[in-house]
Amino acid sequence: MQVVPVTSPTPVSDPSGPVLTWLENGSGIARGTAVELSNERARVRLADAATLVPGDEVAVRLSFDRATDTVAATGRVLAIRANGEAPVCELEWTHTGSERDQLESLIASRG
C-alpha cells in the first residue's frame with residue numbers, strides 16, 4: 001500500500017487567497033481571478049474565452065472569501081492582453097456609493 005501525503009486546502013477565510021471574479025457584458029459572462037486590485041482599477045486573468053472588448057461596460061462580482069457574499073461593482077474594459085498565457089482584462093471601476101466604499105475597504109484589508 002502506498003501512502004500519499006494529504007495537503008490541507010486553502011482556508012475559507014484566507015485574506016491572501018485568490019479573488020474570484022465574474023465580468024458580465026451583454027454577450028455573456030467571463031470568469032477569472034484578480035491578479036491586481038486597486039481603488040481605481042483591476043487586472044483579471046480570464047479562465048475562459050471571453051467576449052469582452054475594450055470599451056465594454058461590465059457588471060462585476062468579486063469573491064474575496066468563499067464564506068462571505070460576493071461584492072458587486074461596475075467597470076469599463078480598458079484592454080484585453082494575451083502574452084501566450086490566459087488573457088488578462090484590464091478594467092477601471094465606474095461605480096460609486098456604498099458598494100465602492102465596501103470594495104475599497106476590502107482591498108485595503110488585503111494589504
# chains A, B, ... in the order shown; residues from 1 in each chain; ligands from 1

call {"tool": "closest_atom_pairs", "arguments": {"of": "range 74-101 of chain A", "to": "range 21-32 of chain A", "cutoff": "9 Å", "atoms": "only C-alpha atoms", "output": "Markdown table"}}
result
| residue | atom | partner | partner_atom | distance |
| --- | --- | --- | --- | --- |
| A:Thr74 | CA | A:Leu23 | CA | 8.8 |
| A:Gly75 | CA | A:Leu23 | CA | 8.8 |
| A:Val88 | CA | A:Gly32 | CA | 8.8 |

call {"tool": "closest_residue", "arguments": {"among": "A:Thr51, A:Asn83, A:Thr33, A:Thr70", "to": "Leu103 in chain A", "atoms": "only C-alpha atoms"}}
result
A:Thr70

call {"tool": "atom_distance", "arguments": {"atom1": "CA of Cys89 in chain A", "atom2": "CA of Leu46 in chain A"}}
result
7.0 Å

call {"tool": "closest_residue", "arguments": {"among": "A:Arg41, A:Ser98, A:Glu36, A:Phe64", "to": "Arg76 in chain A", "atoms": "only C-alpha atoms"}}
result
A:Arg41
